[in-house]
Each structure stands twice: as structure tokens, then as C-alpha cells.
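Okay, so here's the structure we're looking at.
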Amino acid sequence: MSTTLPPPRTAERTNYLNADYSWQSWLFTTDHKRIALLYLFSITAFFFVGGAFAVGMRLNLLRPEGLFQHDTYNKLFTMHGIIMVFFFLVPSIPATLGNFLIPPMIGARDLAFPRINLLSWYIYIFGGIFAISAIVRGGVDTGWTFYAPFSSTYSNTHVILAAIGVFISGFSSILTGLNFIVTIHKMRAPGMTWSRLPLFVWAHYATSLIQVLGTPVIAITLVLLGLERILHAGIFDPNLGGDPVLFQHLFWFYSHPAVYIMILPGMGVISEIIACFSRKSIFGYGFVAFSSVAIAVLGFLVWGHHLFVAGQSIYASMVFSFISFLVAVPSAIKVFNWTATMYRGSISFETPMLYAIGFIGLFTIGGLTGLFLATMAVDVHLTDTYFVIAHFHYVMVGGMVLAYMGGIHFWFPKITGRLYPENWARLAAAIIFVGFNLTFFPQFILGYLGMPRRYATYAEEFQVLNVFSTAGASILGIGYIMPLIYLTWAWRKGPKSPQNPWHAKGLEWEQSPTPPPTFNFDVPPVVTEPPYNYAEEVESGGH
Amino acid sequence: MTHKVVSVKTFALVFFALIALTITTVGVSRIELGEYNFICAMTIAVIKGSLVVWFFMDVRRSSSLTKLFVGAGFFWMAILLVFILSDYLSRGWLPRPGWW
Amino acid sequence: MADIDATLPAHEEAGLKHHFDDSAQQLESSTLGMWVFLLTEIMFFGGMFGAYTVYRNLYPDAFASTSHFMNLTIGAINTGVLICSSFTMVLAVRSAQLGQKKALITFLILTLVLGCIFLGLKYVEYHEKWVDHHIPGPGFRYEESQYFHQAQILFFLYFAMTGMHAIHMIVGAGLLTTLIVMASRDRFSAAWYTPVEMIGLYWHFVDIVWIFLFPLLYLIGHTS
């Protein structure tokens, strides 16, 4: 189904893209939309770097005896994790879609601190340089979790370089979160009350709280780790009186909430897409908004579920296990509400909606398998197996990356002023879905059967499933490369987009031109209606 | 700023209170009170910190939002400390077989 | 083709950035932003307080032993110095509120000087530790050999915490210097002095960290 095109315009109106073409206007910009694009390009680059490491891993896992040397394999999975977690997943939606859309969604001209926004991108790049130099100089082999005392005492790879890279990029995350919090509190347009905010904004608000409260802890943990690596005072070394579990406590205090940093923005995107392509207001808006904040808060109280077999006390473990069950509830509430939104809606299956529906299914599987891991007795058997890997890839890739792709496609017309080729996009979405499941579903089985993670070799009986997984990974790779090609093509050569090709609700679609001018609005917006006011449509469908 | 200016006298009173509390805490630390040394010292530190936050950082006259954020910050650090400590303090509690 | 952005308010007010509607919104945003930043600082130091709490809990006797080597005199004087500097900082902000340029500069300089005194005394203390071989690393020695490892961990945390605090003080000194330069160039007035206020908040926060560090590192265990 294609959208009817508007009559061709003779002169292109001034927008944030064509206002100035000089490189200085891009590298010294304070326009949140340009900064979002700067992030978009760098994050995409890191995604493919992290993906390259995954290719290496899956190639190695084709044969039980492996392919690379064990040390090399250790470096592959470590760098895959570090790049994907810290340089792709954590910044992805907030720094790109969040930066671009939050001001227009709330009716503001820019974020509260535009220069700090630009600074956050430079900090991100600076941190990325350290990460890349760690790669170039031979990589790190500690796992992205940097567990001590291996990382502090025994590993002879470039731990400190990588830790500095992560440390620096953490400040980028903090500044982004800080900016969003202040912006959402102080810069809403008249009439834009908290209960009229798009759920995308609520999700980013909750995410920002986590970024601000959690990231400093991993920062100080990496500082302590680096100092320990130099001085060998023993803070995490049992031979010297230290406790390695303390490192794990401090590390996971951030890294567990970090996974909610990664998923909450994706949930925000899904809310927007589901509402638009069901032509219905989100069912239970208040519940979904409250759930975002509940996930953020509860997410800080569960980190001990990563320490069940590490030597943490049983009583503390029980508390963490119980709260981990609780934190599943708000996520489930969201899934129920999205489903209820679709029920009796007028559903159409454009690419963003395909990704959103895929998200709901795959995130649900990923989330439910988290409960297996939160159960202490079961975790004893599943921890450090491929079950864990499958679990987090279902939520992060099946969930988060699908949401990211859906969001990129949904707002592509707004960002670029062009339309992407719908059929190619749908094909890519299908390929991604098939490739993803073929890659990671076998890993649930492998984990259940006992295949450990982070091993370059494995027992022969696991080979068939590993081969399926690698086959799936190649399909998945094709699925990711396709949008890279057609979206780049569409940006330059795609048909011009009308103001609101999806006939979506929301200030960014209805009152801000496509693409937006530098200050987002021609006329200051005033908000009078509730969000997702699709019910007012009397005609048969909007498109 | 729409606020009235705070008087020097108020600030001076807080200043002298902080100095007095510092002298007090040093003095109390000289007395052997066992576990209470820690509790006393921490209580005095909390009072001093609160004076700085309330008066010097002007949270007294700030919006509820600011107060909420200040409270949340200290509360979150407390979460970190309490939950980590709960692991260490309960490690010795071995379950007695057959207690249930 | 509308090049004039009708959403931009006319900006006669000093220092008002284009994306804000009025200076009240701008000031509230700056204040909230600085507080959110201070929240991150609470959590940053909080991690070290956490590590410290754990090891104090695990090694109370070793801890009591190390506390004898803390220079209580310098610690107490430094606490007083920082409290004075918070006082002068608050008076500086007040002067800015009243548009009193000379008083503002005077109090900013006093704050800076007191901060430098703190750092100087800290240097003396660190030097003492160096002479005593209490700096963790290959050169570490400890008087009571049965506590060697635990003491090294505790001194590690001592240096990490006070060192991180000192780094924040140095940054604060730099910020104060910037303020002094700006003030002498007449950048501030009773209508706009936001940086003074914001850096004041930062300075007070660094003082509060010390208010907690002092008893934890210098006072507890001193009687045993």
C-alpha cells in the first residue's frame, strides 16, 4: 500500500538540513536534530563494528574444535559485548530518536542545554576512539563484564584502554539523560501536561533517570579497576584480602539498570507505532506511563540476580530474586496494553508496524526467559550457558533493535523529508525476523542442554544447533545490510514525503513541518487534545 | 531571582553551627563509646550536611521538584549501600537444616 | 518562504538563550540541571563509600589500626577551611544577587584561596603518607604486619576517595578562577548571575563530600 504523493513543489522550504551545508554548521551545531544525525551515523558505524565481531564468533562456532585461538575468541566476544552494549545499545534510541523527537513532541524549540548536547556527542566519539584503539592494539579478553581479579591482575590485554573508553562514553550518556530530564520538566509547550505527553517521552524520562543515577557507579567502578590494575592494592583480589564479588556488586548496580536504559526507549517507540497503525489511542495510557517509571525504579533493586552463583548470601539472593519477579510485572503490563490497543483497532502492516509486532512477540519470549534465570534454583543450571545469551539477545536484538529499526522507519520521512521503499523495507523486516529467530532460538536449547558461554570450543553433540545459529546469523546480517543500502538510497533519491505520511497524531507530525525547520515550529504550538487522539477520525482510516 | 536576599546573619549562624559541630564531632571521637562513636559521628555529619544543603544551597526556598531530586539522590546512594551491605552481613547466616 | 522564525521571542533580556521563553524558565532549567548533575556526583562518590563500608565491615581491627596513621590535625583544619570556604561562597552569591561587584570578586577570591589552602594541606598529608610508605603499590609498607593486606586496601580507598575529592576541588578552583575573570569583566549583574549560583552549588557539594569523608576516615577508630 503506498501513500499518495503531494503535487511537486517548486522551491524547497528552509529546513534544518538545508539551512546551512558547511561542515562547520554540522560539527559545531547546537541543533538537536543535527546532533541526532551525528549520533545516528556514529552509532550505525559502531553497530557494524560490533557485528563484525559477532561474525567472527559465529564462524568460530561452526565447528566444535573452533576456528580461532582461544585467546582470540575471548577477545572477539569481549569486544562484541563492549561495543554493542556501551557504544550501540545504550546510546541508540535516546541519542538518535530521542534527541531528534523530544523537543518537537513536547512543543519545544530545542533541548534545555543544546551545547551540552553537542558536547555529549564529542564525548561519545572521544570514548569511542579509546575503544577502537583498544581493538586496534589487540583487544581485551575479559568479557564485557570486566570481572576481577582476571581483569585487574591476570589479563594482559588492553583493559585500561577499554575501561577508559567505556568511562568516557558513560559521561555522554549522563549528559544526554540530564538534558532530557530538564527539558521534559521545564520546556513543555502550553497545554502539554504530563498526562498528554507521548509515551515515547515518558519512556525517555524514565530512561534518563536511570542514566543519571546508574552510570556514575560504573564510572567509579572502572576507576577503581584501573587503579587496581596499576597498583595491585588488592581491592578485588582474594589473594590480597580483597573480594571479587564487590566488583560484581558495583558493576551490576549499573549494568542491570543499563539493560532498562536499553529497552525502555524501545518500548516508547513501540507505543507510538502501535497507536498509529492501529488507529487507536494506547489502551491504559496511565498504566504504560507509570510502568516506565516503575521499571526504572525497580530495575535498580535487582542487580544481585547476576551474582546468584558468585558467593552472594542466600538471603540477599532471595530478595533480589523476588524483586526480579516484580520487575517483570510492569513490562508485562505494557505488553498487555499494546495488545489491547491493537484489539478492535484498524490495523495496517507497514514496516514500522511489522517491527512493532515482532517486538511484542520476541520481547515477550525474552522477558519470560528472564524469569527462568531469576529463579535461583534454575539459574544454578542455566547461568553462564547459552540460555542466558539467548535470553538477552531476545530482549536486546529481538526487542530493542527491532524497536530501533521500527522507529527509524517510522520517523524516516520526518527526519529526511523522503519516503523509503516500502516493499524492500518489509522484505528486510521479514529477513531480520527469520534470521534472528534462527540465530537465537537454538541457543535456548543449547543452553538448556548445557553448552557454556564464552568458550571457543564445545562438545560435538552441540554442533547441529550451532550451525543453525550461524546460518541464522548470516541471514540476519543480510537483513541489517539491506536497510543500510535502501535507506541511504532513499535519503538521496527517495520520493519526497508529505507532511504526515502516516497521518499520525503528535506534535512532531501534525504541527512541525517535514522535515522540520531549525526551531521545529513555524507557529508556537498549544496543546488542547489528549495524546493519540485517533478516535476523532470519522472517515474510514487515515490512509 | 524572585527570592529575597538571605541575610548575612542567617549565613553566619549556619557557619558557626557548622564549626561548632565539627569541634563537637572531634571531641566526641575522643571519648570511648564503642559502637556509638560511629553513630554519633555519622549523625553529626548528616546534620552538618543537611545545614549546608538546606541553607547554603538554598534548598529551603527551592521548589518541591528540587527537593524531590535532592532526596532521591541521597536515597539512591542509600540503596547502593544498604543492598550491598545486606549481602555481606547475611553471608554468615547459614540456614539451619530442618528449621522448617 | 518564512525565514523568520515566529516562535522566537524578542530577546531583550540579558543572557537569554533563544530556545527559552523567558529568563525564569532558563534559570529554573539551569538550577534543575545542576542538581541533576550533583545527583550523578552523589552516586559517583557513593560507589567508593560502598566499597569503603564493605571493607570496614570486613576488617574492623585492621581499620582501627590504620586510623592511627591519619593526620587528625590536618583533617580537622581542612574541615574548618572548607566550611569557611562554603561561607565565603555563599556570601559571594549574595553579593552577586545584590549587584555588588567588588564584594563578589572579593568573596570569590577568598573562596579560591581557602580551597588552595585545603589542597596545600592535602599535599602535606599525602607527602607524609609517601614518607611513611603508606601509598599502595609496590612501595607499600605497614607497621603491623598482620594487617598488611587489609591496610593496603584501606589506604587504597583512602587515596581513591580523598584523591577524587581533591580532583573535584581542583576543578572547582578552575571554575572559581573563571568566575573571578568573568566578574571583573562585568559579566554579572543583579539580573543575571546564574554561573555564580551554579558553581556555588557545586562548591557546596564538594564540601558536603568532605563533611562525610572526615569522620569516616579520620575519626572513627581513633579511640581504640
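Order determines the names: the first chain of the C-alpha cells is A, the second B, and so forth; residues in each chain are numbered 1 upward, and ligands are numbered 1 upward as they are shown.
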
Chain C near chain A within 6 Å: what's each residue's closest atom pair and its distance in Å to one decimal, counting only C-alpha atoms, ordered by chain then ascending residue number, as a Markdown table?
```
| residue | atom | partner | partner_atom | distance |
| --- | --- | --- | --- | --- |
| C:Thr7 | CA | A:Pro524 | CA | 5.2 |
| C:His19 | CA | A:Arg109 | CA | 5.5 |
| C:Ser29 | CA | A:Val182 | CA | 6.0 |
| C:Gly33 | CA | A:Val182 | CA | 6.0 |
| C:Thr40 | CA | A:Val212 | CA | 5.7 |
| C:Met43 | CA | A:Pro216 | CA | 5.8 |
| C:Phe44 | CA | A:Pro216 | CA | 4.6 |
| C:Gly47 | CA | A:Val217 | CA | 5.5 |
| C:Pro136 | CA | A:Ala233 | CA | 5.6 |
| C:Gly137 | CA | A:Leu231 | CA | 4.4 |
| C:His149 | CA | A:Leu240 | CA | 5.5 |
| C:Gln150 | CA | A:Gly241 | CA | 6.0 |
| C:Gln152 | CA | A:Ala233 | CA | 5.8 |
| C:Ile153 | CA | A:Ile235 | CA | 5.5 |
```

Which parts of chain B does DSSP call helix (DSSP H, G or I) when run on the backbone here, written out as a PyMOL selection string?
chain B and resi 8-30+35-56+59-61+64-90

Could you make a table, as CSV, of the residues of chain A that have an atom within 7 Å of an atom of chain B, each with its nearest atom pair and distance in Å to one decimal, counting only C-alpha atoms, in chain and number order?
```
residue,atom,partner,partner_atom,distance
A:His249,CA,B:Ile84,CA,6.8
A:Gln312,CA,B:Asp87,CA,6.0
A:Ser313,CA,B:Arg91,CA,4.6
A:Tyr315,CA,B:Ser90,CA,6.6
A:Ala316,CA,B:Asp87,CA,5.2
```

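The list of residues with at least one atom within 10 Å of Cys116 of chain C, based on only C-alpha atoms and without residues fewer than 6 positions apart in the same chain, reads C:Val81, C:Leu110, C:Lys122, C:Met169, C:Ile170, C:Ala173.
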
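Residues in contact with Leu21 of chain B at 8 Å, where only C-alpha atoms are counted and same-chain residues fewer than 4 positions away are skipped, are listed as Ala17, Thr25, Ile44 and Lys48 of chain B.
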
Distance limit 6 Å, atoms considered: only C-alpha atoms. Which chain B residues sit that close to chain C? Return them as an NGL selection string.
:B and (29-30 or 32 or 45 or 49 or 57 or 73 or 77 or 81)

Based on the selection just made, write C-alpha atoms of those residues as a PDB file, in the first residue's frame.
```
ATOM      1  CA  SER B  29      35.546  10.902  68.900  1.00  0.00           C
ATOM      2  CA  ARG B  30      37.990  11.172  71.762  1.00  0.00           C
ATOM      3  CA  GLU B  32      35.294   5.767  74.020  1.00  0.00           C
ATOM      4  CA  ALA B  45      27.831  14.580  59.674  1.00  0.00           C
ATOM      5  CA  GLY B  49      25.412  18.135  55.502  1.00  0.00           C
ATOM      6  CA  MET B  57      22.482  25.538  48.789  1.00  0.00           C
ATOM      7  CA  GLY B  73      19.912  11.335  45.163  1.00  0.00           C
ATOM      8  CA  MET B  77      23.059   6.101  47.370  1.00  0.00           C
ATOM      9  CA  LEU B  81      24.972   0.898  50.420  1.00  0.00           C
TER      10      LEU B  81
END
```

I'd like the interatomic distance between atom CA of Ala36 of chain A and atom CA of Val297 of chain A, to a tenth of an Å.
27.1 Å

With only C-alpha atoms as the counted atoms, please give the residues lying no more than 12 Å from Phe468 of chain A, apart from itself and same-chain residues fewer than 6 positions off, as a PyMOL selection string.
chain A and resi 58-59+61-63+434-443+445-446+462+474-475

Please dump the current selection as a CSV table (one decimal), in the first residue's frame; keep N, CA and C atoms.
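Wrote it out as again-v1.csv, contents follow:
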```csv
chain,number,residue,atom,x,y,z
A,58,ARG,N,30.5,-16.3,15.3
A,58,ARG,CA,29.7,-17.4,14.7
A,58,ARG,C,30.4,-18.3,13.8
A,59,LEU,N,31.4,-17.7,13.1
A,59,LEU,CA,32.3,-18.5,12.2
A,59,LEU,C,33.0,-19.5,13.0
A,61,LEU,N,32.2,-20.8,15.8
A,61,LEU,CA,31.3,-21.8,16.4
A,61,LEU,C,30.7,-22.7,15.4
A,62,LEU,N,31.1,-22.7,14.2
A,62,LEU,CA,30.6,-23.6,13.2
A,62,LEU,C,31.1,-25.0,13.5
A,63,ARG,N,32.4,-25.1,14.1
A,63,ARG,CA,33.0,-26.4,14.3
A,63,ARG,C,33.2,-26.6,15.8
A,434,VAL,N,13.2,-13.7,10.5
A,434,VAL,CA,13.6,-15.1,10.3
A,434,VAL,C,15.0,-15.3,10.8
A,435,GLY,N,15.9,-14.5,10.3
A,435,GLY,CA,17.3,-14.6,10.7
A,435,GLY,C,17.5,-14.6,12.2
A,436,PHE,N,16.9,-13.7,12.8
A,436,PHE,CA,17.0,-13.5,14.2
A,436,PHE,C,16.6,-14.8,15.0
A,437,ASN,N,15.4,-15.3,14.7
A,437,ASN,CA,14.9,-16.5,15.4
A,437,ASN,C,15.8,-17.7,15.1
A,438,LEU,N,16.3,-17.8,13.8
A,438,LEU,CA,17.1,-19.0,13.5
A,438,LEU,C,18.4,-18.9,14.3
A,439,THR,N,18.9,-17.6,14.5
A,439,THR,CA,20.2,-17.5,15.2
A,439,THR,C,20.0,-17.8,16.7
A,440,PHE,N,19.0,-17.3,17.3
A,440,PHE,CA,19.0,-17.4,18.8
A,440,PHE,C,18.0,-18.4,19.4
A,441,PHE,N,17.0,-18.9,18.7
A,441,PHE,CA,16.2,-19.9,19.3
A,441,PHE,C,17.0,-21.1,19.6
A,442,PRO,N,17.8,-21.6,18.7
A,442,PRO,CA,18.7,-22.8,19.0
A,442,PRO,C,19.5,-22.6,20.3
A,443,GLN,N,19.8,-21.3,20.6
A,443,GLN,CA,20.7,-21.1,21.7
A,443,GLN,C,20.0,-21.3,23.0
A,445,ILE,N,18.0,-23.8,23.4
A,445,ILE,CA,18.1,-25.3,23.6
A,445,ILE,C,19.6,-25.6,24.0
A,446,LEU,N,20.5,-25.0,23.3
A,446,LEU,CA,21.9,-25.3,23.6
A,446,LEU,C,22.2,-25.0,25.1
A,462,PHE,N,26.7,-30.6,20.2
A,462,PHE,CA,26.0,-29.3,20.0
A,462,PHE,C,26.2,-28.7,18.6
A,474,SER,N,23.9,-15.3,9.4
A,474,SER,CA,24.2,-14.7,8.1
A,474,SER,C,22.9,-14.1,7.5
A,475,ILE,N,21.8,-14.8,7.7
A,475,ILE,CA,20.5,-14.2,7.2
A,475,ILE,C,20.3,-12.9,7.9
```

Fewer than 3 positions away in the same chain doesn't count, so skip those; otherwise give me all residues within 6 Å of segment 133-139 of chain A, counting only C-alpha atoms, as a PyMOL selection string.
chain A and resi 75+130+158+161-162

Determine, counting only C-alpha atoms, which protein, DNA and RNA residues have an atom within 9 Å of an atom of segment 70-74 of chain A; residues of the same chain fewer than 5 positions away are not included. Present the result as a short mmCIF file (atom, residue, chain, number, x, y, z; two decimals) with N, CA and C atoms, in the first residue's frame.
```cif
data_model
loop_
_atom_site.label_atom_id
_atom_site.label_comp_id
_atom_site.auth_asym_id
_atom_site.auth_seq_id
_atom_site.Cartn_x
_atom_site.Cartn_y
_atom_site.Cartn_z
N GLY A 56 32.77 -13.04 13.45
CA GLY A 56 33.92 -13.86 13.82
C GLY A 56 33.54 -14.96 14.79
N MET A 57 32.70 -14.61 15.77
CA MET A 57 32.30 -15.60 16.76
C MET A 57 31.50 -16.72 16.12
N ASN A 60 33.55 -19.03 14.16
CA ASN A 60 34.31 -19.93 15.02
C ASN A 60 33.44 -21.07 15.54
N MET A 79 34.97 -7.83 22.78
CA MET A 79 34.79 -6.60 22.03
C MET A 79 33.37 -6.50 21.47
N GLY A 139 42.92 -5.74 21.39
CA GLY A 139 41.69 -6.17 22.03
C GLY A 139 41.80 -6.46 23.50
N VAL A 140 40.65 -6.82 24.08
CA VAL A 140 40.55 -7.14 25.50
C VAL A 140 39.91 -8.51 25.59
N ASP A 141 40.22 -9.29 26.61
CA ASP A 141 39.69 -10.66 26.68
C ASP A 141 38.98 -10.97 27.97
N THR A 142 38.51 -9.95 28.68
CA THR A 142 37.93 -10.16 29.99
C THR A 142 36.42 -10.41 29.95
N GLY A 143 35.83 -10.30 28.75
CA GLY A 143 34.37 -10.26 28.71
C GLY A 143 33.94 -8.81 28.93
N ARG A 454 31.00 -18.26 26.28
CA ARG A 454 32.37 -17.74 26.31
C ARG A 454 33.42 -18.84 26.18
N TYR A 455 33.08 -19.92 25.46
CA TYR A 455 34.05 -20.97 25.18
C TYR A 455 34.25 -21.06 23.68
N ALA A 456 35.52 -21.15 23.25
CA ALA A 456 35.81 -21.22 21.82
C ALA A 456 35.47 -22.58 21.24
N THR A 457 35.42 -23.59 22.07
CA THR A 457 35.14 -24.94 21.58
C THR A 457 33.96 -25.51 22.35
#
```

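We find atom CA of Trp194 of chain A and atom CA of Gly506 of chain A to be spaced 14.2 Å apart.
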
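Between atom CA of Pro265 of chain A and atom CA of Ala203 of chain A lies a distance of 5.4 Å.
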
Counting only C-alpha atoms, closest pick from C:Leu154, C:Ala96, C:Met164, C:Leu176 relative to Ser189 of chain C is C:Ala96
